[in-house]
$ cat data39.cif   # mmCIF, C-alpha atoms and all ligand atoms
data_data
#
loop_
_atom_site.label_atom_id
_atom_site.label_comp_id
_atom_site.auth_asym_id
_atom_site.auth_seq_id
_atom_site.Cartn_x
_atom_site.Cartn_y
_atom_site.Cartn_z
CA MET B 39 -14.88 12.81 0.12
CA ARG B 40 -11.47 11.22 -0.01
CA PHE B 41 -12.75 7.61 0.02
CA PRO B 42 -15.98 6.04 -1.28
CA ILE B 43 -18.73 6.16 1.34
CA GLN B 44 -19.19 2.37 1.03
CA LEU B 45 -15.57 1.85 2.10
CA GLN B 46 -15.88 4.21 5.06
CA TRP B 47 -19.05 2.56 6.25
CA ARG B 48 -17.67 -0.98 5.88
CA LEU B 49 -14.40 -0.14 7.63
CA THR B 50 -16.15 1.63 10.49
CA SER B 51 -18.57 -1.23 11.11
CA TYR B 52 -15.70 -3.74 10.85
CA ILE B 53 -13.71 -1.84 13.49
CA VAL B 54 -16.74 -1.54 15.80
CA LYS B 55 -17.50 -5.29 15.46
CA ASN B 56 -13.93 -6.22 16.30
CA ALA B 57 -13.87 -3.80 19.24
CA LEU B 58 -17.07 -5.36 20.60
CA LYS B 59 -15.42 -8.78 20.32
CA GLY B 60 -12.45 -7.41 22.27
CA ARG B 61 -9.97 -8.19 19.49
CA ARG B 62 -6.80 -6.13 19.68
CA ARG B 63 -4.92 -7.43 16.63
CA TYR B 64 -6.81 -8.08 13.43
CA PRO B 65 -6.23 -7.39 9.71
CA TYR B 66 -7.53 -4.38 7.77
CA VAL B 67 -5.92 -4.97 4.38
CA LEU B 68 -4.85 -8.31 2.94
CA MET B 69 -1.77 -7.83 0.78
CA LEU B 70 -2.34 -10.60 -1.75
CA GLU B 71 0.55 -11.45 -4.06
CA PRO B 72 -0.67 -14.07 -6.55
CA THR B 73 2.82 -14.07 -8.10
CA HIS B 74 6.15 -12.31 -7.66
CA LEU B 75 6.76 -12.41 -11.40
CA CYS B 76 7.09 -8.95 -12.94
CA ASN B 77 7.57 -7.41 -16.37
CA LEU B 78 9.96 -4.82 -14.90
CA ALA B 79 13.08 -5.01 -12.72
CA CYS B 80 12.97 -1.76 -10.76
CA GLU B 81 16.05 -0.75 -8.85
CA GLY B 82 14.32 -0.35 -5.49
CA CYS B 83 12.22 -3.53 -5.61
CA GLY B 84 13.09 -6.09 -2.94
CA LYS B 85 10.38 -8.57 -3.87
CA ILE B 86 11.73 -9.71 -7.24
CA ARG B 87 15.15 -10.22 -5.66
CA GLU B 88 14.06 -11.83 -2.41
CA PHE B 89 11.82 -14.33 -4.23
CA GLU B 90 14.07 -14.84 -7.24
CA SER B 91 14.23 -18.64 -6.85
CA THR B 92 10.41 -18.99 -6.75
CA ILE B 93 9.51 -16.06 -8.96
CA ARG B 94 7.58 -18.17 -11.47
CA ASP B 95 5.28 -19.62 -8.80
CA MET B 96 1.63 -18.61 -9.10
CA LEU B 97 -1.28 -19.08 -6.74
CA PRO B 98 -4.28 -20.99 -8.08
CA LEU B 99 -7.38 -18.81 -8.21
CA GLU B 100 -9.10 -21.06 -5.62
CA THR B 101 -6.22 -20.45 -3.18
CA CYS B 102 -6.53 -16.67 -3.60
CA LEU B 103 -10.24 -16.83 -2.81
CA LYS B 104 -9.67 -19.20 0.11
CA VAL B 105 -7.11 -16.92 1.79
CA VAL B 106 -9.29 -13.84 1.27
CA GLU B 107 -11.99 -15.63 3.22
CA GLU B 108 -9.56 -16.97 5.82
CA CYS B 109 -8.16 -13.50 6.48
CA GLY B 110 -11.50 -11.71 6.58
CA ALA B 111 -10.08 -8.21 5.95
CA PRO B 112 -12.54 -5.92 4.14
CA ILE B 113 -9.84 -4.58 1.79
CA VAL B 114 -7.69 -6.67 -0.56
CA SER B 115 -4.64 -5.12 -2.12
CA ILE B 116 -3.65 -7.21 -5.14
CA CYS B 117 0.05 -6.64 -5.57
CA GLY B 118 3.15 -8.64 -6.39
CA GLY B 119 5.09 -8.93 -8.68
CA GLU B 120 2.91 -7.45 -11.36
CA PRO B 121 -0.69 -8.68 -10.96
CA THR B 122 -1.67 -7.95 -14.56
CA ILE B 123 0.55 -10.84 -15.71
CA TYR B 124 -1.19 -13.23 -13.31
CA PRO B 125 -3.35 -15.37 -15.63
CA HIS B 126 -6.40 -15.45 -13.30
CA LEU B 127 -6.52 -11.74 -12.50
CA GLY B 128 -9.75 -11.14 -14.43
CA GLY B 129 -11.60 -13.88 -12.57
CA LEU B 130 -10.11 -12.90 -9.21
CA VAL B 131 -11.23 -9.29 -9.49
CA GLU B 132 -14.69 -10.25 -10.73
CA GLU B 133 -15.23 -12.69 -7.86
CA LEU B 134 -13.97 -10.26 -5.20
CA LEU B 135 -16.26 -7.56 -6.59
CA ARG B 136 -19.14 -10.01 -6.41
CA GLN B 137 -18.24 -10.55 -2.73
CA LYS B 138 -18.11 -6.75 -2.26
CA LYS B 139 -14.51 -6.72 -1.14
CA PHE B 140 -12.69 -3.41 -1.63
CA ILE B 141 -9.89 -3.98 -4.10
CA TYR B 142 -6.73 -1.95 -4.60
CA LEU B 143 -5.07 -3.22 -7.76
CA CYS B 144 -1.40 -2.16 -7.57
CA THR B 145 0.10 -2.13 -11.03
CA ASN B 146 2.86 -0.66 -13.16
CA GLY B 147 0.20 -0.02 -15.79
CA ILE B 148 1.88 -1.71 -18.76
CA LYS B 149 -0.71 -4.44 -19.28
CA LEU B 150 -3.64 -2.81 -17.55
CA GLU B 151 -5.67 -1.53 -20.48
CA LYS B 152 -7.28 -4.77 -21.64
CA PHE B 153 -8.68 -5.31 -18.12
CA LEU B 154 -10.18 -1.83 -18.06
CA HIS B 155 -12.40 -2.84 -20.97
CA GLN B 156 -13.21 -6.18 -19.36
CA TRP B 157 -14.33 -4.83 -15.93
CA LYS B 158 -16.82 -2.15 -14.98
CA PRO B 159 -15.95 0.85 -12.80
CA SER B 160 -17.06 0.34 -9.22
CA ALA B 161 -16.72 2.05 -5.84
CA TYR B 162 -15.20 -1.29 -4.76
CA LEU B 163 -12.35 -1.18 -7.26
CA THR B 164 -9.43 1.24 -7.14
CA ILE B 165 -6.64 1.14 -9.70
CA ASN B 166 -3.34 2.06 -8.06
CA VAL B 167 -0.58 2.92 -10.54
CA SER B 168 2.98 3.35 -9.24
CA MET B 169 4.51 6.65 -10.37
CA ASP B 170 7.91 7.55 -8.96
CA GLY B 171 8.66 10.85 -10.67
CA LEU B 172 8.46 12.77 -13.91
CA GLU B 173 9.35 11.11 -17.22
CA GLY B 174 13.15 10.93 -16.85
CA THR B 175 13.13 9.75 -13.23
CA HIS B 176 10.22 7.34 -13.58
CA ASP B 177 11.73 5.64 -16.64
CA LEU B 178 15.15 5.49 -14.96
CA ILE B 179 13.88 3.92 -11.70
CA ARG B 180 11.79 1.44 -13.68
CA SER B 181 14.63 0.81 -16.18
CA ARG B 182 12.16 1.14 -19.04
CA LYS B 183 12.20 4.01 -21.49
CA GLY B 184 8.75 5.24 -22.48
CA LEU B 185 7.00 3.86 -19.39
CA TYR B 186 5.92 7.27 -18.11
CA GLN B 187 4.02 7.96 -21.31
CA ILE B 188 2.46 4.49 -21.22
CA ASP B 189 1.27 5.12 -17.65
CA ILE B 190 -0.12 8.58 -18.43
CA ARG B 191 -2.02 7.12 -21.36
CA VAL B 192 -3.48 4.20 -19.38
CA ILE B 193 -4.52 6.52 -16.53
CA LYS B 194 -6.34 8.72 -19.05
CA VAL B 195 -8.10 5.65 -20.49
CA ALA B 196 -9.08 4.46 -16.99
CA LYS B 197 -10.44 7.88 -16.06
CA SER B 198 -12.34 8.22 -19.33
CA LEU B 199 -14.03 4.88 -18.57
CA GLY B 200 -14.97 6.07 -15.06
CA TYR B 201 -12.53 4.13 -12.86
CA ARG B 202 -11.24 5.39 -9.53
CA VAL B 203 -7.50 5.82 -10.07
CA VAL B 204 -4.87 6.66 -7.48
CA THR B 205 -1.10 6.67 -7.73
CA ASN B 206 1.60 5.43 -5.41
CA THR B 207 4.92 7.27 -5.13
CA THR B 208 7.96 5.94 -3.28
CA VAL B 209 10.32 8.55 -1.89
CA TYR B 210 14.02 7.70 -2.13
CA ARG B 211 17.11 9.58 -1.00
CA GLU B 212 17.47 11.23 -4.41
CA THR B 213 13.79 12.13 -4.76
CA LYS B 214 13.24 15.86 -5.21
CA ILE B 215 9.96 16.90 -3.61
CA GLU B 216 9.73 19.76 -6.13
CA GLU B 217 9.60 17.09 -8.84
CA ILE B 218 6.86 15.22 -6.95
CA GLU B 219 4.92 18.47 -6.80
CA GLN B 220 5.19 18.79 -10.59
CA LEU B 221 4.21 15.13 -10.99
CA PHE B 222 1.12 15.59 -8.82
CA THR B 223 0.17 18.69 -10.79
CA GLU B 224 0.27 16.69 -14.03
CA LEU B 225 -1.59 13.72 -12.54
CA LYS B 226 -4.24 15.95 -10.98
CA ALA B 227 -4.82 17.55 -14.39
CA ILE B 228 -5.69 14.16 -15.91
CA GLY B 229 -8.13 13.34 -13.13
CA VAL B 230 -6.18 11.15 -10.67
CA ASP B 231 -8.34 10.75 -7.55
CA GLY B 232 -5.62 10.65 -4.91
CA PHE B 233 -1.95 10.15 -4.12
CA LEU B 234 -0.23 7.67 -1.84
CA VAL B 235 3.29 8.59 -0.77
CA SER B 236 5.63 6.44 1.26
CA PRO B 237 9.36 6.25 2.04
CA GLY B 238 11.15 3.34 0.37
CA TYR B 239 12.09 0.35 2.52
CA GLU B 240 15.61 -1.07 2.49
CA TYR B 241 14.95 -4.79 2.05
CA THR B 242 17.77 -6.99 3.36
CA VAL B 243 18.52 -8.09 -0.22
CA LEU B 244 19.02 -4.42 -1.19
CA LYS B 245 21.38 -3.60 1.72
CA GLY B 246 24.20 -1.31 0.71
CA ARG B 247 22.36 0.46 -2.11
CA ASP B 248 22.66 4.12 -1.40
CA MET B 249 19.06 4.99 -2.23
CA PHE B 250 17.04 4.54 0.96
CA LEU B 251 16.24 7.11 3.59
CA GLU B 252 17.35 7.04 7.19
CA LYS B 253 14.80 8.26 9.72
CA GLN B 254 16.07 11.83 9.95
CA GLN B 255 16.13 12.10 6.16
CA THR B 256 12.55 10.80 6.02
CA HIS B 257 11.51 13.50 8.49
CA GLU B 258 13.10 16.19 6.34
CA LYS B 259 11.58 14.96 3.06
CA PHE B 260 8.14 14.58 4.59
CA GLN B 261 8.15 18.09 6.05
CA LYS B 262 7.87 19.12 2.41
CA VAL B 263 5.40 16.37 1.55
CA TRP B 264 3.22 17.73 4.34
CA GLU B 265 3.15 21.06 2.52
CA LEU B 266 2.06 19.23 -0.64
CA SER B 267 -0.74 17.61 1.34
CA GLN B 268 -2.29 21.04 1.83
CA ARG B 269 -2.71 21.37 -1.95
CA PHE B 270 -3.08 17.83 -3.27
CA ARG B 271 -5.41 15.03 -2.30
CA LEU B 272 -3.00 12.76 -0.45
CA LEU B 273 -4.49 9.47 0.74
CA SER B 274 -1.95 9.02 3.51
CA THR B 275 -3.68 10.05 6.76
CA PRO B 276 -2.62 13.29 8.50
CA LEU B 277 -1.49 11.35 11.57
CA TYR B 278 0.75 9.10 9.47
CA LEU B 279 2.20 12.16 7.70
CA ARG B 280 2.87 13.79 11.07
CA PHE B 281 4.68 10.59 12.07
CA LEU B 282 6.74 10.69 8.86
CA LYS B 283 7.78 14.28 9.46
CA GLY B 284 8.87 13.42 12.98
CA GLU B 285 6.11 15.18 14.87
CA ARG B 286 4.32 12.12 16.31
CA GLN B 287 5.45 8.75 17.58
CA LEU B 288 3.63 5.58 16.51
CA THR B 289 4.24 1.94 17.29
CA CYS B 290 3.99 -0.52 14.39
CA SER B 291 0.97 -2.75 13.66
CA PRO B 292 2.43 -5.32 11.24
CA TRP B 293 -0.61 -7.60 11.63
CA GLY B 294 -2.82 -4.86 10.12
CA ASN B 295 -1.67 -5.59 6.55
CA PRO B 296 -0.82 -9.31 6.41
CA ASN B 297 0.76 -10.72 3.27
CA TYR B 298 -0.05 -13.97 1.46
CA ASN B 299 2.12 -15.08 -1.46
CA PRO B 300 2.86 -18.40 -3.23
CA GLN B 301 4.96 -19.48 -0.21
CA GLY B 302 2.18 -18.90 2.32
CA TRP B 303 1.42 -16.31 5.04
CA LYS B 304 4.57 -14.24 5.34
CA GLY B 305 5.70 -13.29 8.82
CA PRO B 306 6.27 -11.06 10.60
CA CYS B 307 5.31 -8.37 8.09
CA TYR B 308 5.00 -7.26 4.51
CA LEU B 309 8.65 -6.19 4.49
CA ILE B 310 10.67 -8.70 6.46
CA THR B 311 10.53 -12.47 6.10
CA ASP B 312 11.35 -14.87 8.91
CA ALA B 313 8.86 -17.57 8.06
CA HIS B 314 5.92 -18.56 5.90
CA TYR B 315 2.94 -20.16 7.62
CA GLN B 316 0.31 -22.42 6.15
CA THR B 317 -2.60 -20.76 7.95
CA PHE B 318 -3.50 -17.23 8.97
CA ASP B 319 -4.09 -18.44 12.48
CA GLU B 320 -0.51 -19.75 12.67
CA LEU B 321 0.83 -16.36 11.53
CA MET B 322 -1.21 -14.61 14.21
CA THR B 323 -0.36 -16.99 17.04
CA LYS B 324 3.29 -17.82 16.27
CA THR B 325 4.61 -14.30 15.65
CA ASP B 326 6.13 -12.32 18.52
CA TRP B 327 4.02 -9.22 17.85
CA GLU B 328 5.26 -7.33 20.92
CA LYS B 329 8.77 -7.41 19.47
CA TYR B 330 7.75 -6.03 16.08
CA GLU B 331 5.20 -3.54 17.38
CA HIS B 332 8.03 -1.90 19.31
CA GLN B 333 10.48 -2.25 16.41
CA ARG B 334 12.91 -4.38 18.42
CA ASP B 335 14.55 -5.79 15.32
CA PRO B 336 17.46 -4.15 13.49
CA ARG B 337 15.53 -4.45 10.21
CA CYS B 338 12.89 -2.09 11.63
CA THR B 339 15.37 0.71 12.41
CA ASN B 340 14.54 3.03 9.53
CA CYS B 341 11.16 1.61 8.61
CA MET B 342 8.24 4.02 8.51
CA MET B 343 6.19 2.15 5.90
CA HIS B 344 2.45 2.67 5.57
CA SER B 345 1.82 -1.08 5.74
CA GLY B 346 3.05 -1.06 9.33
CA PHE B 347 1.96 2.34 10.59
CA GLU B 348 -1.32 3.28 8.87
CA PRO B 349 -3.08 0.45 10.78
CA THR B 350 -1.77 2.04 13.99
CA VAL B 351 -3.45 5.29 12.99
CA ILE B 352 -6.80 3.49 12.97
CA ARG B 353 -6.20 2.44 16.58
CA GLU B 354 -4.76 5.76 17.72
CA VAL B 355 -7.14 8.21 16.14
CA GLY B 356 -10.01 7.72 18.59
CA LYS B 357 -7.80 8.52 21.58
CA ARG B 358 -7.72 12.30 21.08
CA TRP B 359 -10.52 14.60 19.95
CA LYS B 360 -8.02 16.75 18.08
CA ASP B 361 -7.04 13.75 15.91
CA VAL B 362 -10.67 12.77 15.33
CA TRP B 363 -11.49 16.29 14.18
CA GLU B 364 -8.46 16.43 11.90
CA MET B 365 -9.40 13.08 10.35
CA ILE B 366 -12.98 14.19 9.73
CA ARG B 367 -11.88 17.43 8.07
CA TRP B 368 -9.24 15.56 6.03
CA ASN B 369 -11.71 12.96 4.86
CA LEU B 370 -14.30 15.52 3.81
CA ALA B 371 -11.80 17.74 2.02
S1 LIG A 1 8.67 -1.47 11.56
FE1 LIG A 1 6.89 -2.85 11.29
S2 LIG A 1 6.45 -2.85 9.07
FE2 LIG A 1 8.52 -2.03 9.37
S3 LIG A 1 9.91 -3.78 9.14
FE3 LIG A 1 9.45 -3.59 11.34
S4 LIG A 1 7.68 -4.90 11.72
FE4 LIG A 1 7.83 -4.60 9.48
#
$ encode --input "data39.cif" --output "C-alpha cells"
Amino acid sequence: MRFPIQLQWRLTSYIVKNALKGRRRYPYVLMLEPTHLCNLACEGCGKIREFESTIRDMLPLETCLKVVEECGAPIVSICGGEPTIYPHLGGLVEELLRQKKFIYLCTNGIKLEKFLHQWKPSAYLTINVSMDGLEGTHDLIRSRKGLYQIDIRVIKVAKSLGYRVVTNTTVYRETKIEEIEQLFTELKAIGVDGFLVSPGYEYTVLKGRDMFLEKQQTHEKFQKVWELSQRFRLLSTPLYLRFLKGERQLTCSPWGNPNYNPQGWKGPCYLITDAHYQTFDELMTKTDWEKYEHQRDPRCTNCMMHSGFEPTVIREVGKRWKDVWEMIRWNLA
C-alpha cells in the first residue's frame, strides 16, 4: 500500500465525520512552520526571502501544540525554514506522536541524523527529504556542495533504522525529467518509500527569476512525470497528476492545507500572504474563499501546487466511479 493503513483509516473517518456535520471547508494538513530560519539559501525558496525581517522568530513549543489542537487536522507537516534547527523539534515530534497525529517532517537532511537516533520509527512519522536532482543539480539549487551525498547518506541511515522516508522534488523550468528518472532510480535502490513531485511556485518576492513554469510548460513537463508514475511510487494522486498534465480541471482548496508560522495563521494560503490572523477561526471566516478557490487573483495564474489542489482531489474523487477505481488501484499498487 502507498500509505500506512492507520493514515488511510484516520483520514477516511475524518472525512466522513466532517461530511456528516455538513462542513464544506475544513483542514486536512496543518503546515506548521515553527521557524523560517534555515541553514541553506536555496535559489527557489520564497519563504526565507519573504520572512527575512522575522527570520529568527521561533514559536514556543506550547504554541505549536496549541495550534495543532486548534486546527484539528489529522496530519501535521512540520516545515519551515528548516525544522531540524528548531530547538524544540524533538519534544514537538514526541508529543505529536503521543497524540497519534500523522507527521510529515520536511527537511533538507543536513541535521536530521541525531533525531533519527532519538526517535523510534512509527507509522505516524514520515521523513520527507527534499531532493531536486542528481548531485550537480541538487548541490547547485541548494548552493551547497556535497549536500547530495549528505542526503543520500542520511536517507540510508533512516532506512536502516526502519523509518518511512519519502522525497520531495520541485520541478523548475530547467528540470530535465530524464534526470528525475535517474534520481528516482537511485533513491528507489536505497529504499525510499515514495516520491512527491510538484511544480515550483513563483513567490512574489521571486518575481522575474526565469526559473518557474507557466501553466503550459507545467502540462508538458508533467506529461513525462505521468510516465514516471507508471514505474515509480509517486505519492501525488493520479487525479492531481492528470490536472498537472492538463487533462483535468480542478478548483483550488487553499483551506485544505492551512499554514501557521511565527506571525500567526497565514491567509489566504500557503503560498500567498495577505494577512496573518491570531486564530484559525478568523482565518476561516475572514478569507474570501470563493475568490481563491476560483483563482481570481493574479498570483494564482500559474499556480498548480499540491497544497492547493490535492485537497480538492479528496472532494472530487467520490464524484465519479472511474476516479474512485483509479484511486483504489493506485493506493494498492
Ligand atoms: S491557486 Fe490556490 S494555492 Fe495557488 S496561490 Fe492561488 S489560492 Fe494559493
$ closest_residue --input "data39.cif" --among "B:Met343, B:Val351, B:Leu154, B:Ile228" --to "ligand LIG 1 (chain A)" --atoms "all atoms listed in the file"
B:Met343
$ residues_around --input "data39.cif" --residues "segment 276-282 of chain B" --least-positions-apart "4" --cutoff "7 Å" --atoms "all atoms listed in the file" --output "list in words"
Thr256, His257, Phe260, Trp264, Arg286, Gln287, Leu288, Met342, Phe347, Glu348 and Val351 of chain B
$ residues_near_ligand --input "data39.cif" --ligand "ligand LIG 1 (chain A)" --cutoff "12 Å" --atoms "all atoms listed in the file" --output "number ranges by chain"
B: 237-242, 253, 288-297, 304-312, 325-350
$ residues_around --input "data39.cif" --residues "Leu130 of chain B" --least-positions-apart "6" --cutoff "8 Å" --atoms "all atoms listed in the file" --output "PyMOL selection string"
chain B and resi 99+102-103
$ atom_distance --input "data39.cif" --atom1 "atom CA of Arg40 of chain B" --atom2 "atom CA of Asn369 of chain B"
5.2 Å
$ atom_distance --input "data39.cif" --atom1 "atom CA of Ile141 of chain B" --atom2 "atom CA of Arg269 of chain B"
26.4 Å
$ residues_near_point --input "data39.cif" --point "(-6.3, 10.3, 2.0)" --cutoff "9 Å" --atoms "only C-alpha atoms" --output "list of chain:residue names"
B:Arg40, B:Phe41, B:Gly232, B:Phe233, B:Leu234, B:Arg271, B:Leu272, B:Leu273, B:Ser274, B:Thr275, B:Pro276, B:Trp368, B:Asn369
$ closest_atom_pairs --input "data39.cif" --of "segment 158-183 of chain B" --to "segment 189-212 of chain B" --cutoff "6 Å" --atoms "all atoms listed in the file" --output "tab-separated table"
residue	atom	partner	partner_atom	distance
B:Pro159	CA	B:Tyr201	CA	4.7
B:Thr164	CA	B:Arg202	CA	5.1
B:Ile165	CA	B:Val203	CA	4.8
B:Asn166	CA	B:Val204	CA	4.9
B:Val167	CA	B:Thr205	CA	4.7
B:Ser168	CA	B:Asn206	CA	4.6
B:Met169	CA	B:Thr207	CA	5.3
B:Asp170	CA	B:Thr207	CA	4.9
$ write_last_selection --input "data39.cif" --atoms "C-alpha atoms" --output "mmCIF file, in the frame of the given file"
data_model
loop_
_atom_site.group_PDB
_atom_site.id
_atom_site.type_symbol
_atom_site.label_atom_id
_atom_site.label_comp_id
_atom_site.auth_asym_id
_atom_site.auth_seq_id
_atom_site.Cartn_x
_atom_site.Cartn_y
_atom_site.Cartn_z
ATOM 1 C CA PRO B 159 -15.950 0.850 -12.800
ATOM 2 C CA THR B 164 -9.430 1.240 -7.140
ATOM 3 C CA ILE B 165 -6.640 1.140 -9.700
ATOM 4 C CA ASN B 166 -3.340 2.060 -8.060
ATOM 5 C CA VAL B 167 -0.580 2.920 -10.540
ATOM 6 C CA SER B 168 2.980 3.350 -9.240
ATOM 7 C CA MET B 169 4.510 6.650 -10.370
ATOM 8 C CA ASP B 170 7.910 7.550 -8.960
#
$ residues_around --input "data39.cif" --residues "segment 174-184 of chain B" --least-positions-apart "4" --cutoff "7 Å" --atoms "only C-alpha atoms" --output "PDB file with C-alpha atoms, in the frame of the given file"
ATOM      1  CA  LEU B  78       9.960  -4.820 -14.900  1.00  0.00           C
ATOM      2  CA  ALA B  79      13.080  -5.010 -12.720  1.00  0.00           C
ATOM      3  CA  CYS B  80      12.970  -1.760 -10.760  1.00  0.00           C
ATOM      4  CA  GLU B  81      16.050  -0.750  -8.850  1.00  0.00           C
ATOM      5  CA  MET B 169       4.510   6.650 -10.370  1.00  0.00           C
ATOM      6  CA  ASP B 170       7.910   7.550  -8.960  1.00  0.00           C
ATOM      7  CA  ILE B 188       2.460   4.490 -21.220  1.00  0.00           C
TER       8      ILE B 188
END
$ residues_around --input "data39.cif" --residues "Tyr142 of chain B" --least-positions-apart "2" --cutoff "9 Å" --atoms "all atoms listed in the file" --output "number ranges by chain"
B: 113-117, 140, 144, 162-166
$ closest_residue --input "data39.cif" --among "B:Lys85, B:Lys283, B:Lys149, B:Lys226" --to "Asn299 of chain B" --atoms "all atoms listed in the file"
B:Lys85
$ atom_distance --input "data39.cif" --atom1 "atom CA of Ala313 of chain B" --atom2 "atom CA of Asp248 of chain B"
27.4 Å
$ closest_residue --input "data39.cif" --among "B:Val230, B:Ile86, B:Met69, B:Ala111" --to "Leu143 of chain B" --atoms "only C-alpha atoms"
B:Met69
$ residues_near_point --input "data39.cif" --point "(-12.9, -13.0, -13.5)" --cutoff "12 Å" --atoms "all atoms listed in the file" --output "PyMOL selection string"
chain B and resi 99-100+103+124-136+153+156-158
$ closest_residue --input "data39.cif" --among "B:Arg247, B:Glu90, B:Asp319, B:Val54" --to "Glu108 of chain B" --atoms "all atoms listed in the file"
B:Asp319
$ axis_aligned_box --input "data39.cif" --around "segment 116-134 of chain B" --padding-each-side "4 Å" --output "AutoDock Vina command-line options"
--center_x -5.1 --center_y -11.0 --center_z -10.4 --size_x 28.3 --size_y 16.8 --size_z 18.6
$ closest_residue --input "data39.cif" --among "B:Gly118, B:Phe89, B:Leu68, B:Arg62" --to "Lys139 of chain B" --atoms "only C-alpha atoms"
B:Leu68
